[in-house]
Structure formats: structure tokens, C-alpha cells
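One file, target.txt, is given below (compact mmCIF, C-alpha atoms and all ligand atoms).
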```
# COMPACT_ATOMS: atom_id res chain seq x y z
CA MET K 942 0.41 8.01 -3.42
CA VAL K 943 -2.38 9.82 -5.17
CA ALA K 944 -5.16 12.22 -4.36
CA PRO K 945 -8.41 10.31 -4.58
CA PRO K 946 -10.10 10.68 -7.95
CA PRO K 947 -13.79 11.52 -8.02
CA ALA K 948 -16.01 8.57 -7.17
CA ARG K 949 -16.63 6.37 -10.21
CA PRO K 950 -19.60 4.06 -10.20
CA LEU K 951 -17.75 1.24 -11.90
CA PRO K 952 -18.00 -2.37 -10.85
CA ARG K 953 -14.93 -4.00 -9.41
CA SER K 954 -13.88 -7.50 -8.70
CA PRO K 955 -14.42 -8.60 -5.11
CA ALA K 956 -11.45 -8.27 -2.80
CA SER K 957 -11.64 -11.55 -1.07
CA ALA K 958 -8.18 -11.44 0.37
CA GLY K 959 -9.20 -12.62 3.81
CA PRO K 960 -6.76 -12.77 6.64
CA LEU K 961 -3.37 -14.23 5.87
CA VAL K 962 -1.78 -15.85 8.85
CA ALA K 963 1.86 -16.73 9.19
CA GLY K 964 2.52 -20.23 7.96
CA GLU K 965 -0.64 -20.35 5.83
CA SER K 966 -0.16 -21.91 2.43
CA SER K 967 -0.73 -19.50 -0.43
CA ALA K 968 0.94 -18.01 -3.49
CA TYR K 969 2.17 -15.34 -1.13
CA ASP K 970 5.57 -16.11 0.36
CA SER K 971 4.46 -16.58 3.95
CA ARG K 972 8.04 -17.22 5.02
CA LEU K 973 8.41 -13.44 5.10
CA LEU K 974 5.85 -13.18 7.90
CA SER K 975 6.92 -13.76 11.48
CA THR K 976 4.73 -16.09 13.50
CA THR K 977 2.92 -13.19 15.18
CA MET K 978 2.16 -11.21 12.01
CA ASN K 979 -1.12 -11.21 10.18
CA ILE K 980 -2.50 -9.38 7.14
CA ARG K 981 -6.25 -8.87 7.14
CA PRO K 982 -8.97 -6.58 5.71
CA VAL K 983 -9.47 -3.24 7.46
CA GLU K 984 -12.26 -2.83 10.04
CA ALA K 985 -13.83 0.32 11.46
CA ILE K 986 -11.99 -0.22 14.75
CA ASP K 987 -8.64 0.15 12.88
CA ARG K 988 -9.35 3.68 11.74
CA GLU K 989 -7.65 5.64 14.51
CA ARG K 990 -4.53 3.49 14.53
CA ILE K 991 -4.16 4.01 10.76
CA ARG K 992 -4.54 7.75 11.23
CA GLN K 993 -1.90 7.63 13.98
CA ILE K 994 0.55 5.94 11.59
CA LEU K 995 -0.18 8.43 8.80
CA VAL K 996 0.28 11.43 11.11
CA SER K 997 3.57 10.06 12.43
CA VAL K 998 4.95 9.62 8.90
CA THR K 999 6.79 12.91 8.44
CA ASN K 1000 6.57 13.09 4.65
CA PHE K 1001 2.77 13.33 4.60
CA THR K 1002 1.11 16.75 4.80
CA PRO K 1003 -2.19 17.09 6.73
CA GLN K 1004 -3.98 17.24 3.37
CA GLU K 1005 -2.37 13.97 2.28
CA VAL K 1006 -3.35 12.34 5.60
CA GLN K 1007 -6.92 13.45 4.92
CA TRP K 1008 -6.87 11.97 1.39
CA ALA K 1009 -5.47 8.72 2.71
CA MET K 1010 -8.16 8.58 5.42
CA ASP K 1011 -10.87 9.26 2.82
CA LEU K 1012 -9.83 6.09 1.02
CA VAL K 1013 -9.72 4.13 4.30
CA ASP K 1014 -13.24 5.37 5.11
CA ASP K 1015 -14.44 4.43 1.65
CA SER K 1016 -13.13 0.90 1.99
CA ILE K 1017 -14.65 0.52 5.49
CA ALA K 1018 -18.00 1.84 4.22
CA HIS K 1019 -17.99 -0.74 1.40
CA ASP K 1020 -16.64 -3.54 3.56
CA ASN K 1021 -13.60 -3.67 1.25
CA GLY K 1022 -15.88 -4.44 -1.68
CA GLY K 1023 -15.70 -0.97 -3.20
CA GLU K 1024 -13.15 0.65 -5.43
CA TYR K 1025 -10.48 0.85 -2.72
CA VAL K 1026 -9.26 -2.17 -0.81
CA VAL K 1027 -7.38 -1.69 2.47
CA GLN K 1028 -5.43 -4.42 4.20
CA VAL K 1029 -3.64 -3.97 7.51
CA LEU K 1030 -0.63 -5.78 8.90
CA ASP K 1031 -0.89 -6.39 12.62
CA ASP K 1032 1.55 -7.92 14.99
CA GLY K 1033 1.83 -9.10 18.58
CA GLU K 1034 0.15 -11.54 20.92
CA GLU K 1035 -3.59 -12.11 20.53
CA SER K 1036 -4.65 -9.82 23.41
CA GLU K 1037 -2.60 -6.84 22.26
CA ARG K 1038 -2.26 -6.92 18.52
CA LEU K 1039 -1.15 -3.62 17.01
CA ILE K 1040 -1.37 -2.47 13.39
CA GLN K 1041 2.13 -1.71 12.11
CA GLY K 1042 1.29 -0.78 8.53
CA TYR K 1043 -1.33 -0.84 5.84
CA VAL K 1044 -1.89 -0.76 2.08
CA CYS K 1045 -4.66 0.62 -0.08
CA TYR K 1046 -5.05 -0.62 -3.64
CA GLY K 1047 -7.67 -1.42 -6.23
CA PRO K 1048 -8.34 -2.17 -9.88
CA THR K 1049 -7.80 0.78 -12.20
CA PRO K 1050 -11.16 1.65 -13.77
CA MET K 1051 -11.51 1.18 -17.52
CA THR K 1052 -8.49 -1.11 -17.77
CA ASP K 1053 -8.14 -4.82 -18.24
CA GLY K 1054 -5.95 -6.21 -15.48
CA VAL K 1055 -4.27 -3.04 -14.25
CA PHE K 1056 -4.26 -2.18 -10.56
CA ASP K 1057 -3.16 0.90 -8.63
CA LEU K 1058 -1.41 0.93 -5.29
CA TYR K 1059 -2.92 4.09 -3.81
CA TRP K 1060 -1.22 4.16 -0.44
CA ILE K 1061 1.25 2.25 1.69
CA ALA K 1062 2.59 3.21 5.11
CA VAL K 1063 4.48 1.56 7.92
CA ASP K 1064 4.79 2.92 11.46
CA PRO K 1065 8.09 4.88 11.47
CA LYS K 1066 9.19 2.88 14.52
CA ARG K 1067 8.97 -0.29 12.41
CA GLN K 1068 10.26 1.00 9.07
CA GLY K 1069 13.28 -0.63 7.48
CA GLN K 1070 12.42 -4.06 8.94
CA GLY K 1071 10.85 -5.55 5.83
CA LEU K 1072 7.18 -4.85 6.65
CA GLY K 1073 6.66 -2.60 3.63
CA GLN K 1074 8.01 -5.34 1.40
CA ILE K 1075 5.69 -7.89 2.99
CA LEU K 1076 2.69 -5.63 2.36
CA LEU K 1077 3.69 -4.91 -1.24
CA ARG K 1078 4.28 -8.60 -2.02
CA PHE K 1079 0.89 -9.37 -0.50
CA VAL K 1080 -0.78 -6.88 -2.85
CA GLU K 1081 1.12 -8.25 -5.86
CA ASN K 1082 -0.14 -11.74 -5.11
CA GLU K 1083 -3.69 -10.51 -4.61
CA VAL K 1084 -3.51 -8.73 -7.97
CA ARG K 1085 -2.20 -11.91 -9.64
CA ARG K 1086 -4.93 -13.95 -7.95
CA GLN K 1087 -7.53 -11.61 -9.45
CA GLY K 1088 -6.02 -11.96 -12.91
CA GLY K 1089 -4.17 -8.64 -12.79
CA ARG K 1090 -1.13 -8.16 -14.97
CA MET K 1091 0.26 -4.78 -13.95
CA LEU K 1092 0.60 -2.79 -10.73
CA LEU K 1093 1.12 0.96 -10.92
CA ILE K 1094 2.31 3.22 -8.11
CA GLU K 1095 2.28 6.97 -8.25
CA SER K 1096 4.92 8.88 -6.34
CA ARG K 1097 6.49 12.30 -6.33
CA SER K 1098 9.99 13.64 -6.80
CA ARG K 1099 10.24 15.82 -3.73
CA GLN K 1100 13.22 14.98 -1.54
CA SER K 1101 11.21 13.59 1.37
CA PHE K 1102 10.03 10.76 -0.90
CA ALA K 1103 13.55 9.63 -1.88
CA PRO K 1104 13.53 6.61 0.52
CA THR K 1105 10.06 5.66 -0.72
CA ARG K 1106 11.20 5.75 -4.36
CA ARG K 1107 14.21 3.62 -3.40
CA PHE K 1108 11.84 1.17 -1.74
CA TYR K 1109 9.77 0.79 -4.93
CA GLN K 1110 12.88 0.32 -7.06
CA ARG K 1111 14.26 -2.33 -4.68
CA CYS K 1112 10.93 -4.11 -4.95
CA GLY K 1113 11.32 -4.32 -8.73
CA TYR K 1114 9.33 -1.27 -9.90
CA ASP K 1115 10.52 0.78 -12.87
CA GLU K 1116 9.85 4.45 -13.42
CA ILE K 1117 7.69 4.51 -16.56
CA SER K 1118 6.56 8.11 -16.68
CA ARG K 1119 7.21 11.46 -15.18
CA ILE K 1120 5.36 14.76 -15.46
CA LYS K 1121 7.68 17.56 -14.54
CA ASP K 1122 6.49 20.13 -11.99
CA PHE K 1123 3.14 18.33 -11.71
CA TYR K 1124 2.41 18.78 -7.99
CA ARG K 1125 4.32 22.03 -7.82
CA ILE K 1126 7.52 23.46 -9.27
CA GLU K 1127 10.27 20.86 -8.74
CA ASP K 1128 7.85 18.24 -7.48
CA ASP K 1129 7.22 15.87 -10.40
CA LYS K 1130 4.62 13.15 -10.65
CA ILE K 1131 6.36 9.79 -11.14
CA VAL K 1132 4.64 6.55 -12.06
CA PHE K 1133 6.30 3.26 -11.16
CA CYS K 1134 5.22 0.01 -12.75
CA LYS K 1135 5.71 -3.71 -12.31
CA ARG K 1136 4.37 -6.30 -14.76
CA LEU K 1137 3.14 -9.28 -12.81
CA GLY K 1138 3.49 -12.71 -14.31
CA GLN K 1139 0.95 -15.33 -13.28
CA PRO K 1140 2.28 -17.73 -10.61
C1 LIG M 1201 7.88 3.21 2.02
C2 LIG M 1201 7.57 2.29 3.20
C3 LIG M 1201 6.13 1.81 3.10
C4 LIG M 1201 8.50 1.09 3.13
O1 LIG M 1201 8.21 0.25 4.22
P1 LIG M 1201 9.41 -0.32 5.13
O2 LIG M 1201 8.83 -1.33 6.03
O3 LIG M 1201 10.16 0.79 5.70
O4 LIG M 1201 10.30 -1.00 3.97
P2 LIG M 1201 11.14 -2.34 4.05
O5 LIG M 1201 11.78 -2.45 5.38
O6 LIG M 1201 10.33 -3.46 3.55
O7 LIG M 1201 12.21 -2.03 2.94
C5 LIG M 1201 13.21 -1.13 3.27
C6 LIG M 1201 13.74 -0.53 2.00
O8 LIG M 1201 12.94 0.58 1.67
C7 LIG M 1201 13.72 1.77 1.67
N1 LIG M 1201 13.18 2.58 2.77
C8 LIG M 1201 12.17 3.43 2.58
N2 LIG M 1201 11.91 4.09 3.71
C9 LIG M 1201 12.75 3.62 4.65
C10 LIG M 1201 12.96 3.92 6.03
N3 LIG M 1201 12.28 4.88 6.66
N4 LIG M 1201 13.90 3.24 6.72
C11 LIG M 1201 14.63 2.30 6.06
N5 LIG M 1201 14.47 1.98 4.77
C12 LIG M 1201 13.55 2.65 4.06
C13 LIG M 1201 15.15 1.39 1.76
O9 LIG M 1201 15.69 1.51 0.46
C14 LIG M 1201 15.14 -0.03 2.22
O10 LIG M 1201 15.93 -0.83 1.40
P3 LIG M 1201 17.25 -1.51 2.02
O11 LIG M 1201 16.84 -2.17 3.32
O12 LIG M 1201 17.66 -2.47 0.98
O13 LIG M 1201 18.17 -0.36 2.22
C15 LIG M 1201 7.77 2.98 4.57
O14 LIG M 1201 9.10 3.36 4.71
C16 LIG M 1201 6.87 4.18 4.80
O15 LIG M 1201 5.80 4.05 5.40
N6 LIG M 1201 7.29 5.36 4.33
C17 LIG M 1201 6.54 6.56 4.55
C18 LIG M 1201 5.21 6.56 3.85
C19 LIG M 1201 5.34 6.62 2.35
O16 LIG M 1201 6.15 7.33 1.79
N7 LIG M 1201 4.46 5.84 1.68
C20 LIG M 1201 4.43 5.76 0.25
C21 LIG M 1201 3.58 6.81 -0.35
S1 LIG M 1201 1.88 6.48 -0.18
```

Reformat the file's structure so that it appears as C-alpha cells.
Amino acid sequence: MVAPPPARPLPRSPASAGPLVAGESSAYDSRLLSTTMNIRPVEAIDRERIRQILVSVTNFTPQEVQWAMDLVDDSIAHDNGGEYVVQVLDDGEESERLIQGYVCYGPTPMTDGVFDLYWIAVDPKRQGQGLGQILLRFVENEVRRQGGRMLLIESRSRQSFAPTRRFYQRCGYDEISRIKDFYRIEDDKIVFCKRLGQP
């Protein structure tokens, strides 16, 4: 989770993820998806549901919700072809599909093959059921597909992020750097990293 950096007019590779439907053949392990789940690019109509999820996540401050929404708005404005790519996971029958979580990621400017995961959140009512892992694996495969070799995730050391840090570690991410007291005293900036082999 990071505060958005100032806008950088750098080109980025197209995010042509497209919707991923359960059962579809791809490098992504679709066995993790239930038959009613779907991962697809964000649309303007998804905005309020994403905000609802962010507000209901207790470890985000109002300022952090605003930063997260700024990135969602940026990706909607650029039709997911800008610096930030947002994908949502929705679930349910066709007539009443509901977004249960989302991810925001993108290529790290001025690097060759490094990507950042800027944000990930799952509706608290659906946390601990594997959805976060599905979203993270989806991003990893998208990064591989675009020739990426490394995914970085920034987190913080404050106590409310302990389950999130555990989640990253269980997904195979190593802590590679820490800046003590970065956000505030006793709230360090931690960077997690996973090197992604090509499939
Ligand atoms: C971090 C997060 C995306 C993980 O998604 P999730 O769907 O809950 O995670 P999964 O079910 O795939 O994986 C669960 C694992 O994550 C950890 N975890 C993190 N938060 C958890 C929660 N609220 N409930 C249960 N497990 C949680 C556990 O270690 C668990 O591992 P285990 O089942 O082996 O014990 C989600 O909990 C979340 O939205 N957290 C709040 C927002 C946040 O901190 N986002 C990251 C910063 S941008």
C-alpha cells in the first residue's frame, strides 16, 4: 500500500488482462476460482462498491481510502491503459454479481520488468476465504505475461497490518527492505518482493 506518487508521463505496456472466467484456460490457475467468480478490468460503475470495501476495511484511514480511490479513478479515466491497472473480482449469479475484492498494480517506472502492487483489498465479510490469494496470483500471472520479473509490495509495520504482512509472506513474498519510523514513529515502511519466473 503506497501513497500515489506524482503523475509521471511515462509510457507503459498495455494491460490487456481482459476478464478471466472460471474454467478458462490460462497460465493463471483457474482451479482456484469458483464457478461463479470472475476477474475483470474495473469500470466506472464499480467505483462506489470499491469505496464501500475500502471504507469497511478497518485498517485504512480516510486519507488512505482517498489515495486508493485516486488510483481507481486514474485507472478508470485511462480505461486501464494508464500507469495504474485495477482488476476486480466479482461473484454471484449473472443478475446480481457483487465485487468482493480488487487489486491495483502497474509497471514501476524507469525499471525493466519490475511491477508494483499498489493496493489490494477484500470485503471483510469475505476475508480469509482465499480471495486475496486468487487476486494476487492473478496479478503475478499478468506480470509474467507482460515479461515482468519482479513484483514489489509496500506495507507498513503498524499492528493493524500484521495479518496483511502474514498474507504476503504466505504468498511467498520476502521482506527485502525496511525504513524505520518512515510513516511515523514506530510505523516502518516495509517492502516485500517476489521474483517471478517465466511460466
Ligand atoms: C490482505 C487481504 C487482501 C488478504 O485477502 P484474504 O482474502 O483475506 O486472504 P486469503 O483468504 O487469500 O488468505 C488468508 C491469509 O491471509 C492472512 N490474512 C490476512 N488478513 C486476514 C483476515 N482478515 N482474515 C483471515 N486471514 C487473513 C492469513 O495469514 C491467512 O493465511 P492462513 O489462511 O494460512 O491463516 C485482505 O485480508 C484485506 O483486504 N485486508 C485489508 C486490506 C489490506 O490490508 N490490504 C493490503 C494493503 S493495500

Using only C-alpha atoms and all ligand atoms, what are the residues with an atom within 7 Å of ligand LIG 1201 (chain M), set out as a PDB file with C-alpha atoms, in the frame of the given file?
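Output (part-v1.pdb):
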```pdb
ATOM      1  CA  MET K 942       0.410   8.010  -3.420  1.00  0.00           C
ATOM      2  CA  VAL K 998       4.950   9.620   8.900  1.00  0.00           C
ATOM      3  CA  ASN K1000       6.570  13.090   4.650  1.00  0.00           C
ATOM      4  CA  TYR K1059      -2.920   4.090  -3.810  1.00  0.00           C
ATOM      5  CA  TRP K1060      -1.220   4.160  -0.440  1.00  0.00           C
ATOM      6  CA  ILE K1061       1.250   2.250   1.690  1.00  0.00           C
ATOM      7  CA  ALA K1062       2.590   3.210   5.110  1.00  0.00           C
ATOM      8  CA  VAL K1063       4.480   1.560   7.920  1.00  0.00           C
ATOM      9  CA  ASP K1064       4.790   2.920  11.460  1.00  0.00           C
ATOM     10  CA  PRO K1065       8.090   4.880  11.470  1.00  0.00           C
ATOM     11  CA  ARG K1067       8.970  -0.290  12.410  1.00  0.00           C
ATOM     12  CA  GLN K1068      10.260   1.000   9.070  1.00  0.00           C
ATOM     13  CA  GLY K1069      13.280  -0.630   7.480  1.00  0.00           C
ATOM     14  CA  GLN K1070      12.420  -4.060   8.940  1.00  0.00           C
ATOM     15  CA  GLY K1071      10.850  -5.550   5.830  1.00  0.00           C
ATOM     16  CA  LEU K1072       7.180  -4.850   6.650  1.00  0.00           C
ATOM     17  CA  GLY K1073       6.660  -2.600   3.630  1.00  0.00           C
ATOM     18  CA  GLN K1074       8.010  -5.340   1.400  1.00  0.00           C
ATOM     19  CA  ILE K1075       5.690  -7.890   2.990  1.00  0.00           C
ATOM     20  CA  SER K1096       4.920   8.880  -6.340  1.00  0.00           C
ATOM     21  CA  PHE K1102      10.030  10.760  -0.900  1.00  0.00           C
ATOM     22  CA  PRO K1104      13.530   6.610   0.520  1.00  0.00           C
ATOM     23  CA  THR K1105      10.060   5.660  -0.720  1.00  0.00           C
ATOM     24  CA  ARG K1107      14.210   3.620  -3.400  1.00  0.00           C
ATOM     25  CA  PHE K1108      11.840   1.170  -1.740  1.00  0.00           C
ATOM     26  CA  ARG K1111      14.260  -2.330  -4.680  1.00  0.00           C
TER      27      ARG K1111
END
```

As a check of understanding: the span from atom CA of Val983 of chain K to atom CA of Thr1049 of chain K is 20.1 Å

If you count all atoms listed in the file, which residues fall within 8 Å of Leu1093 of chain K, apart from same-chain ones fewer than 3 positions away, as number ranges by chain? K: 1055-1058, 1132-1135

Per residue of segment 1010-1030 of chain K within 10 Å of segment 1038-1042 of chain K, note the shortest atom pair and the distance in Å to one decimal, counting all atoms listed in the file, and order the rows by chain and increasing residue number, as CSV.
```
residue,atom,partner,partner_atom,distance
K:Gln1028,CA,K:Gly1042,CA,8.8
K:Val1029,CA,K:Gly1042,CA,6.0
K:Leu1030,CA,K:Gly1042,CA,5.4
```

Query - Shell of 12 Å around Gly1089 of chain K, all atoms listed in the file, local chain residues under 5 positions omitted, as a ChimeraX atom specification - result: /K:954,1047-1049,1052-1057,1080-1084,1135-1140

How many Å lie between atom CA of Tyr1109 of chain K and atom CA of His1019 of chain K, rounded to one decimal?
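One can read the atom CA of Tyr1109 of chain K to atom CA of His1019 of chain K distance as 28.5 Å.
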
All file atoms of segment 1047-1066 of chain K boxed axis-aligned, 4 Å per side, centre plus edges, as lines of an AutoDock Vina configuration file:
```
center_x = -1.2
center_y = -0.7
center_z = -1.9
size_x = 28.7
size_y = 19.1
size_z = 40.8
```

### Task
Might you pull out every residue within 10 Å of Gln1007 of chain K, with all atoms listed in the file counted and same-chain residues fewer than 5 positions away left off, and present them as a ChimeraX atom specification?
/K:944,992,995-996,1001-1002,1012-1013

Can I get the selection written as a tab-separated table (two decimals), in the frame of the given file, with C-alpha atoms?
```tsv
chain	number	residue	atom	x	y	z
K	944	ALA	CA	-5.16	12.22	-4.36
K	992	ARG	CA	-4.54	7.75	11.23
K	995	LEU	CA	-0.18	8.43	8.80
K	996	VAL	CA	0.28	11.43	11.11
K	1001	PHE	CA	2.77	13.33	4.60
K	1002	THR	CA	1.11	16.75	4.80
K	1012	LEU	CA	-9.83	6.09	1.02
K	1013	VAL	CA	-9.72	4.13	4.30
```

The residue from K:Ile1094, K:Glu1005, K:Arg981, K:Ser1101 with the smallest atom-to-atom distance to Arg1119 of chain K, counting all atoms listed in the file, is K:Ile1094

Correct to one decimal, the distance atom CA of Arg1086 of chain K-atom CA of Tyr1046 of chain K is 14.0 Å

Next on the checklist: Would you pick out the contacts of segment 1123-1129 of chain K at 10 Å or less, using all atoms listed in the file, so that residues sharing its chain but fewer than 6 positions from it are not included, and give the list as a PyMOL selection string?
Outcome noted: chain K and resi 1096-1100

Rebuild N, CA and C atoms on segment 1102-1129 of chain K, as a PDB file, in the frame of the given file?
```pdb
ATOM      1  N   PHE K1102      10.470  12.055  -0.403  1.00  0.00           N
ATOM      2  CA  PHE K1102      10.030  10.760  -0.900  1.00  0.00           C
ATOM      3  C   PHE K1102      11.169   9.921  -1.479  1.00  0.00           C
ATOM      4  N   ALA K1103      12.416  10.390  -1.327  1.00  0.00           N
ATOM      5  CA  ALA K1103      13.550   9.630  -1.880  1.00  0.00           C
ATOM      6  C   ALA K1103      13.617   8.208  -1.312  1.00  0.00           C
ATOM      7  N   PRO K1104      13.485   7.997   0.019  1.00  0.00           N
ATOM      8  CA  PRO K1104      13.530   6.610   0.520  1.00  0.00           C
ATOM      9  C   PRO K1104      12.380   5.770  -0.013  1.00  0.00           C
ATOM     10  N   THR K1105      11.217   6.394  -0.200  1.00  0.00           N
ATOM     11  CA  THR K1105      10.060   5.660  -0.720  1.00  0.00           C
ATOM     12  C   THR K1105      10.327   5.221  -2.164  1.00  0.00           C
ATOM     13  N   ARG K1106      10.888   6.115  -2.965  1.00  0.00           N
ATOM     14  CA  ARG K1106      11.200   5.750  -4.360  1.00  0.00           C
ATOM     15  C   ARG K1106      12.226   4.608  -4.398  1.00  0.00           C
ATOM     16  N   ARG K1107      13.207   4.691  -3.475  1.00  0.00           N
ATOM     17  CA  ARG K1107      14.210   3.620  -3.400  1.00  0.00           C
ATOM     18  C   ARG K1107      13.527   2.290  -3.046  1.00  0.00           C
ATOM     19  N   PHE K1108      12.577   2.380  -2.144  1.00  0.00           N
ATOM     20  CA  PHE K1108      11.840   1.170  -1.740  1.00  0.00           C
ATOM     21  C   PHE K1108      11.153   0.539  -2.947  1.00  0.00           C
ATOM     22  N   TYR K1109      10.459   1.343  -3.757  1.00  0.00           N
ATOM     23  CA  TYR K1109       9.770   0.790  -4.930  1.00  0.00           C
ATOM     24  C   TYR K1109      10.779   0.155  -5.891  1.00  0.00           C
ATOM     25  N   GLN K1110      11.898   0.851  -6.110  1.00  0.00           N
ATOM     26  CA  GLN K1110      12.880   0.320  -7.060  1.00  0.00           C
ATOM     27  C   GLN K1110      13.472  -0.996  -6.556  1.00  0.00           C
ATOM     28  N   ARG K1111      13.724  -1.074  -5.244  1.00  0.00           N
ATOM     29  CA  ARG K1111      14.260  -2.330  -4.680  1.00  0.00           C
ATOM     30  C   ARG K1111      13.241  -3.451  -4.768  1.00  0.00           C
ATOM     31  N   CYS K1112      11.980  -3.097  -4.821  1.00  0.00           N
ATOM     32  CA  CYS K1112      10.930  -4.110  -4.950  1.00  0.00           C
ATOM     33  C   CYS K1112      10.645  -4.453  -6.409  1.00  0.00           C
ATOM     34  N   GLY K1113      11.444  -3.915  -7.332  1.00  0.00           N
ATOM     35  CA  GLY K1113      11.320  -4.320  -8.730  1.00  0.00           C
ATOM     36  C   GLY K1113      10.451  -3.414  -9.587  1.00  0.00           C
ATOM     37  N   TYR K1114      10.175  -2.190  -9.134  1.00  0.00           N
ATOM     38  CA  TYR K1114       9.330  -1.270  -9.900  1.00  0.00           C
ATOM     39  C   TYR K1114      10.208  -0.333 -10.724  1.00  0.00           C
ATOM     40  N   ASP K1115       9.788  -0.117 -11.972  1.00  0.00           N
ATOM     41  CA  ASP K1115      10.520   0.780 -12.870  1.00  0.00           C
ATOM     42  C   ASP K1115       9.753   2.079 -13.015  1.00  0.00           C
ATOM     43  N   GLU K1116      10.496   3.164 -13.107  1.00  0.00           N
ATOM     44  CA  GLU K1116       9.850   4.450 -13.420  1.00  0.00           C
ATOM     45  C   GLU K1116       9.438   4.401 -14.876  1.00  0.00           C
ATOM     46  N   ILE K1117       8.127   4.584 -15.163  1.00  0.00           N
ATOM     47  CA  ILE K1117       7.690   4.510 -16.560  1.00  0.00           C
ATOM     48  C   ILE K1117       7.194   5.854 -17.089  1.00  0.00           C
ATOM     49  N   SER K1118       6.913   6.792 -16.170  1.00  0.00           N
ATOM     50  CA  SER K1118       6.560   8.110 -16.680  1.00  0.00           C
ATOM     51  C   SER K1118       6.775   9.155 -15.611  1.00  0.00           C
ATOM     52  N   ARG K1119       6.961  10.348 -16.093  1.00  0.00           N
ATOM     53  CA  ARG K1119       7.210  11.460 -15.180  1.00  0.00           C
ATOM     54  C   ARG K1119       6.618  12.729 -15.779  1.00  0.00           C
ATOM     55  N   ILE K1120       5.857  13.452 -14.997  1.00  0.00           N
ATOM     56  CA  ILE K1120       5.360  14.760 -15.460  1.00  0.00           C
ATOM     57  C   ILE K1120       6.057  15.806 -14.606  1.00  0.00           C
ATOM     58  N   LYS K1121       6.885  16.567 -15.270  1.00  0.00           N
ATOM     59  CA  LYS K1121       7.680  17.560 -14.540  1.00  0.00           C
ATOM     60  C   LYS K1121       6.791  18.618 -13.908  1.00  0.00           C
ATOM     61  N   ASP K1122       7.159  19.025 -12.702  1.00  0.00           N
ATOM     62  CA  ASP K1122       6.490  20.130 -11.990  1.00  0.00           C
ATOM     63  C   ASP K1122       4.985  19.889 -11.833  1.00  0.00           C
ATOM     64  N   PHE K1123       4.570  18.647 -11.752  1.00  0.00           N
ATOM     65  CA  PHE K1123       3.140  18.330 -11.710  1.00  0.00           C
ATOM     66  C   PHE K1123       2.478  18.816 -10.412  1.00  0.00           C
ATOM     67  N   TYR K1124       3.037  18.407  -9.267  1.00  0.00           N
ATOM     68  CA  TYR K1124       2.410  18.780  -7.990  1.00  0.00           C
ATOM     69  C   TYR K1124       2.661  20.248  -7.669  1.00  0.00           C
ATOM     70  N   ARG K1125       3.907  20.636  -7.883  1.00  0.00           N
ATOM     71  CA  ARG K1125       4.320  22.030  -7.820  1.00  0.00           C
ATOM     72  C   ARG K1125       5.691  22.111  -8.477  1.00  0.00           C
ATOM     73  N   ILE K1126       6.222  23.314  -8.611  1.00  0.00           N
ATOM     74  CA  ILE K1126       7.520  23.460  -9.270  1.00  0.00           C
ATOM     75  C   ILE K1126       8.527  22.590  -8.515  1.00  0.00           C
ATOM     76  N   GLU K1127       9.260  21.785  -9.266  1.00  0.00           N
ATOM     77  CA  GLU K1127      10.270  20.860  -8.740  1.00  0.00           C
ATOM     78  C   GLU K1127       9.683  19.739  -7.889  1.00  0.00           C
ATOM     79  N   ASP K1128       8.422  19.429  -8.103  1.00  0.00           N
ATOM     80  CA  ASP K1128       7.850  18.240  -7.480  1.00  0.00           C
ATOM     81  C   ASP K1128       7.061  17.489  -8.573  1.00  0.00           C
ATOM     82  N   ASP K1129       7.786  16.574  -9.241  1.00  0.00           N
ATOM     83  CA  ASP K1129       7.220  15.870 -10.400  1.00  0.00           C
ATOM     84  C   ASP K1129       6.303  14.736  -9.957  1.00  0.00           C
TER      85      ASP K1129
END
```
